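For reference, the structure discussed in these notes is given below.
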Amino acid sequence: MLALRSSLKFARRGSQLLTLAATVAMGASGCGLHQGLSPIETGQSLQLLDNPLFVGVTDRDLLWNQLVDSIDTYFDIEREEQVKLAGEILTEGRIETVPRAAATLLEPWHLDSTSRFDAWQATLQSIRLSALVRVLPVDAGYRIEVVVQKELEDVDRPEGGTAGGSAMRHDGSIRGDQDPTANGSTTLGWIPLGRDIALEQRILADIQSRLSAGPGPLDRF
């Protein structure tokens with residue numbers, strides 16, 4: 001019996017060591033999967049672009065086509081209102097995107113996780129991103145404002161929680177009419193985490209590179 005207990009204890013410890021080794025290996029290979037660290041993580045100075053960003057383009061169709069193509073690289077567009085000439089006044093353009101899950105460490109082909117921290121956070125938590133783009137006509141061009149919001153999913157209990165889903169809650173949370181015995185957690189809403197400045201800068205750099213001879217998009221990782 002003593003030998004059996006020792007064997008089980010050794011097996012459990014071995015399993016824990018293997019899990020730890022796999023986690024460390026994934027972290028070490030993260031920069032390889034994503035082509036190195038971001039300038040911020042390596043301590044390099046990074047000059048931020050203005051937001052709104054001025055672009056000296058007068059062709060409305062060219063501007064809009066390049067803008068839509070750039071935003072579509074990162075998000076699915078839900079609604080767009082192109083800049084129009086109403087009488088003698090140019091109207092404001094607007095693009096709204098569909099919220100999408102942030103890219104994890106296992107999705108290096110997506111470009112919305114701009115740093116290793118963002119990729120780790122999206123891997124361990126349920127993070128979603130959405131963007132709002134405004135195009136403001138000004139003299140000799142346009143000002144393009146990009147606002148990316150980051151949100152964290154708010155659930156009624158942890159995904160691997162042991163408490164029963166049918167347990168009564170006393171924290172004042174309002175839940176929809178759902179099956180209380182269903183497996184898995186229930187989404188109560190989304191918690192705002194603020195703006196994703198790094199992704200905004202990446203999108204602005206992409207737009208600038210398309211419409212002028214300015215710098216190209218920021219390297220990922």
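By convention here, the chains of the structure tokens are called A, B, ... in the order presented, each chain's residues are numbered starting at 1, and ligands are numbered starting at 1 in the order presented.
Taking only C-alpha atoms, the non-local environment of A:Pro99 within 10 Å (same-chain residues fewer than 2 positions away omitted) comprises Phe75, Asp76, Ile77, Glu78, Glu96, Thr97, Ala101, Ala102, Ile127, Arg128, Leu129, Ser130, Ala131, Gln149, Lys150 and Glu151 of chain A.
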Go ahead and write the residues just picked, C-alpha atoms, as a short mmCIF file (atom, residue, chain, number, x, y, z; two decimals), in the first residue's frame.
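This went into selection24.cif:
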```
data_model
loop_
_atom_site.label_atom_id
_atom_site.label_comp_id
_atom_site.auth_asym_id
_atom_site.auth_seq_id
_atom_site.Cartn_x
_atom_site.Cartn_y
_atom_site.Cartn_z
CA PHE A 75 -12.18 43.67 -38.08
CA ASP A 76 -15.41 42.81 -39.83
CA ILE A 77 -17.23 46.02 -40.72
CA GLU A 78 -20.79 46.27 -39.43
CA GLU A 96 -18.29 50.75 -37.04
CA THR A 97 -17.02 47.21 -36.67
CA ALA A 101 -12.46 37.90 -30.03
CA ALA A 102 -8.88 39.09 -29.53
CA ILE A 127 -11.30 39.43 -24.50
CA ARG A 128 -13.08 41.13 -27.37
CA LEU A 129 -12.25 44.23 -29.42
CA SER A 130 -14.30 46.67 -31.45
CA ALA A 131 -13.38 49.76 -33.45
CA GLN A 149 -12.28 49.48 -27.24
CA LYS A 150 -11.20 46.39 -25.28
CA GLU A 151 -13.68 44.44 -23.14
#
```
Fewer than 2 positions away in the same chain doesn't count, so skip those; otherwise give me all residues within 8 Å of stretch 85-91 of chain A, counting only C-alpha atoms, as an mmCIF file with C-alpha atoms, in the first residue's frame.
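Produced file out.cif, reproduced below:
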```cif
data_model
loop_
_atom_site.group_PDB
_atom_site.id
_atom_site.type_symbol
_atom_site.label_atom_id
_atom_site.label_comp_id
_atom_site.auth_asym_id
_atom_site.auth_seq_id
_atom_site.Cartn_x
_atom_site.Cartn_y
_atom_site.Cartn_z
ATOM 1 C CA VAL A 83 -17.959 60.992 -46.720
ATOM 2 C CA GLY A 93 -17.535 59.608 -42.505
ATOM 3 C CA LEU A 136 -13.435 64.417 -40.448
ATOM 4 C CA PRO A 137 -13.095 66.674 -43.529
#
```
Between A:Val138, A:Val133, A:Leu124, A:Trp190, which has the minimum distance to A:Val155 (counting only C-alpha atoms)?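 Closest to A:Val155 of all the choices is A:Trp190.
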Calculate how many Å separate atom CA of A:Arg116 from atom CA of A:Thr104, rounding to one decimal.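 Atom CA of A:Thr104 lies 9.4 Å from atom CA of A:Arg116.
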Residues of stretch 119-160 of chain A in strand (DSSP E or B), written as a PyMOL selection string: chain A and resi 127-138+141-155
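Atom CA of A:Tyr142 lies 21.2 Å from atom CA of A:Thr73.
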Non-local contacts of A:Arg210 (12 Å; only C-alpha atoms; under 2 positions in same chain excluded) as a ChimeraX atom specification: /A:55-57,62-71,203-208,212-217
